[in-house]
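Peer 1: Dropping the structure in here first, questions after.
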Amino acid sequence: MKAVVFHDVGDICLEDVPEPPIEQPVDAVVRITASAICGTDLHMIRGTLPGMKPGTILGHEGVGVVEEVGKGVRNFRPGDRVVVPSTIACGWCSYCRAGYTAQCDVANPNGPQAGTAFYGGPALSGPFMGMQAEYVRVPYAAHNLVRIPHDVTDEQALLCSATRWRCSAAVPSGNLPSCRHSCRAPTGCWRWIACPTGWRWCARWAVSA
Ligand SMILES: [Zn+2]
Ligand SMILES: [Zn+2]
């Protein structure tokens with residue numbers, strides 16, 4: 001598949017790489033239909049966000065169609081249109097159950113003190129392969145995919161990818177605002193979403209839906 005691969009500071013390339021397999025029963029593989037370039041990617045490319053591992057696929061915003069699910073994923077099936085939220089959470093640890101999924105104790109393979117797990121980031125964030133690619137592996141897919149309503153386009157849904165359903169809370173560095181209480185969209189909307197950075201877009205989507 002084609003993917004945007006980080007090699008070094010100032011050195012990224014669109015190239016052919018192997019498609020991601022299902023690695024765990026709780027994984028899904030999503031065929032990406034729309035992805036985004038974020039200001040955060042520019043930090044990685046410029047080296048102002050250090051610690052990138054060469055070979056990491058960039059991109060932490062994406063929407064697509066579920067291609068395959070592991071045996072442990074029962075709430076999604078191939079063909080479902082989904083948003084893939086940027087951050088990765090297990091769904092059952094104490095933080096996840098409290099709604100603070102960006103603080104998940106389980107999803108980051110570097111341990112509970114390593115910080116938020118997310119796609120296409122530095123080694124300390126996983127690393128997990130990103131979504132500027134034709135396919136992405138989604139860990140803990142039952143919890144990390146959000147189904148897209150029929151009347152919402154990929155382009156509209158993409159704006160909600162850099163968010164997280166009920167993510168809330170600041171990342172451990174403390175430099176992102178907690179929005180658990182400030183960004184709930186009106187009741188009756190498609191879904192109320194709390195997120196680190198993109199709540200205005202979520203609210204717009206929710207209101208217009
Ligand atoms: Zn972003
Ligand atoms: Zn968790």
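Ordering of the structure tokens sets the chain letters (A, B, ...), residue numbers begin anew at 1 in every chain, and ligands are numbered from 1 in the order given.
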Return as a PyMOL selection string every polymer residue, whether protein, DNA or RNA, with at least one atom no more than 9 Å from an atom of ligand 1; count only C-alpha atoms and all ligand atoms.

Peer 2: chain A and resi 36-41+59-61+86+161-163+197

Peer 1: Per DSSP on the backbone, what are the helix (DSSP H, G or I) residues of segment 29-115 of chain A, as a ChimeraX atom specification?

Peer 2: /A:39-46,94-97,101-103

Peer 1: So the first atom is atom CA of Leu58 of chain A and the second is atom CA of Gly72 of chain A; what is the distance between them in Å, to one decimal place?

Peer 2: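 For atom CA of Leu58 of chain A relative to atom CA of Gly72 of chain A, the distance reads 26.9 Å.
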
Peer 1: Ligand 2: which residues are within 7 Å, counting only C-alpha atoms and all ligand atoms, as a PDB file with C-alpha atoms, in the first residue's frame?

Peer 2:
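Written output follows (selection.pdb):
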ATOM      1  CA  ALA A  89      -7.517   3.643  24.566  1.00  0.00           C
ATOM      2  CA  CYS A  90      -8.301   0.200  25.929  1.00  0.00           C
ATOM      3  CA  GLY A  91     -11.847   0.998  27.013  1.00  0.00           C
ATOM      4  CA  TRP A  92     -11.835  -0.841  30.331  1.00  0.00           C
ATOM      5  CA  CYS A  93      -9.067   0.544  32.623  1.00  0.00           C
ATOM      6  CA  SER A  94     -10.116   2.885  35.416  1.00  0.00           C
ATOM      7  CA  TYR A  95      -9.318   6.010  33.385  1.00  0.00           C
ATOM      8  CA  CYS A  96     -11.187   4.753  30.332  1.00  0.00           C
ATOM      9  CA  THR A 101      -9.467   7.829  27.700  1.00  0.00           C
ATOM     10  CA  CYS A 104      -5.505   5.159  29.376  1.00  0.00           C
ATOM     11  CA  ASP A 105      -3.185   3.004  31.476  1.00  0.00           C
ATOM     12  CA  VAL A 106      -3.110   0.110  29.026  1.00  0.00           C
ATOM     13  CA  ALA A 107      -2.981   1.174  25.378  1.00  0.00           C
TER      14      ALA A 107
END

Peer 1: Write out as a VMD selection string which residues come within 9 Å of Phe128 of chain A when counting only C-alpha atoms, dropping same-chain ones fewer than 5 positions away.

Peer 2: chain A and resid 56 to 57 117 to 123 137 to 138

Peer 1: In segment 61-131 of chain A, what's strand (DSSP E) per DSSP? Answer as a short mmCIF file (atom, residue, chain, number, x, y, z; two decimals) with N, CA and C atoms, in the first residue's frame?

Peer 2:
data_model
loop_
_atom_site.label_atom_id
_atom_site.label_comp_id
_atom_site.auth_asym_id
_atom_site.auth_seq_id
_atom_site.Cartn_x
_atom_site.Cartn_y
_atom_site.Cartn_z
N GLY A 62 -8.19 10.19 10.50
CA GLY A 62 -8.63 9.38 9.36
C GLY A 62 -10.05 8.89 9.51
N VAL A 63 -10.67 8.66 8.37
CA VAL A 63 -11.96 7.97 8.32
C VAL A 63 -11.83 6.89 7.25
N GLY A 64 -12.68 5.90 7.33
CA GLY A 64 -12.57 4.83 6.35
C GLY A 64 -13.64 3.79 6.51
N VAL A 65 -13.35 2.63 5.95
CA VAL A 65 -14.29 1.51 5.95
C VAL A 65 -13.60 0.32 6.59
N VAL A 66 -14.27 -0.30 7.54
CA VAL A 66 -13.69 -1.47 8.20
C VAL A 66 -13.46 -2.56 7.16
N GLU A 67 -12.22 -3.03 7.11
CA GLU A 67 -11.85 -4.06 6.14
C GLU A 67 -11.89 -5.45 6.78
N GLU A 68 -11.44 -5.51 8.04
CA GLU A 68 -11.32 -6.81 8.71
C GLU A 68 -11.35 -6.57 10.21
N VAL A 69 -11.92 -7.48 10.96
CA VAL A 69 -11.91 -7.37 12.43
C VAL A 69 -11.37 -8.66 13.02
N ARG A 81 -18.67 2.17 7.88
CA ARG A 81 -17.93 3.44 7.75
C ARG A 81 -17.63 3.97 9.15
N VAL A 82 -16.38 4.37 9.36
CA VAL A 82 -15.98 4.74 10.72
C VAL A 82 -15.04 5.94 10.73
N VAL A 83 -15.08 6.68 11.84
CA VAL A 83 -14.03 7.63 12.20
C VAL A 83 -13.04 6.89 13.09
N VAL A 84 -11.76 7.14 12.87
CA VAL A 84 -10.75 6.60 13.77
C VAL A 84 -10.22 7.76 14.61
N THR A 87 -6.46 9.36 19.34
CA THR A 87 -5.84 8.71 20.49
C THR A 87 -6.38 7.30 20.66
N ILE A 88 -5.58 6.45 21.31
CA ILE A 88 -5.91 5.02 21.42
C ILE A 88 -6.11 4.68 22.89
N ALA A 117 -1.35 7.32 24.02
CA ALA A 117 -1.04 6.54 22.82
C ALA A 117 -1.79 7.15 21.65
N PHE A 118 -1.10 7.38 20.53
CA PHE A 118 -1.79 7.87 19.34
C PHE A 118 -1.07 7.43 18.08
#

Peer 1: Return the single residue from A:Asp80, A:Glu19, A:Asp27, A:Asp151 that is closest to Pro139 of chain A, with distances computed using only C-alpha atoms.

Peer 2: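 Going through A:Asp80, A:Glu19, A:Asp27, A:Asp151 one by one, the smallest distance to Pro139 of chain A is for A:Asp27.
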
Peer 1: Between atom CA of Cys13 of chain A and atom CA of Glu155 of chain A, what is the distance in Å, rounded to a tenth?

Peer 2: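 Separation between atom CA of Cys13 of chain A and atom CA of Glu155 of chain A: 24.1 Å.
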
Peer 1: My list of candidates is A:Ala34, A:Leu49, A:Ala3, A:Met44. Which is closest to Met129 of chain A when distances are computed with only C-alpha atoms?

Peer 2: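 Answer, going by the shortest atom-to-atom distance: A:Ala3.
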
Peer 1: Which polymer residues have any atom within 10 Å of an atom of Pro18 of chain A, counting only C-alpha atoms, with same-chain residues fewer than 6 positions away left out, as a list in words?

Peer 2: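 Result of the neighbour search: Met1, Lys2, Ala3 and Tyr135 of chain A.
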
Peer 1: When you draw a straight line from atom CA of Cys160 of chain A to atom CA of Gly10 of chain A, how long is it in Å?

Peer 2: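 Straight-line distance from atom CA of Cys160 of chain A to atom CA of Gly10 of chain A works out to 28.0 Å.
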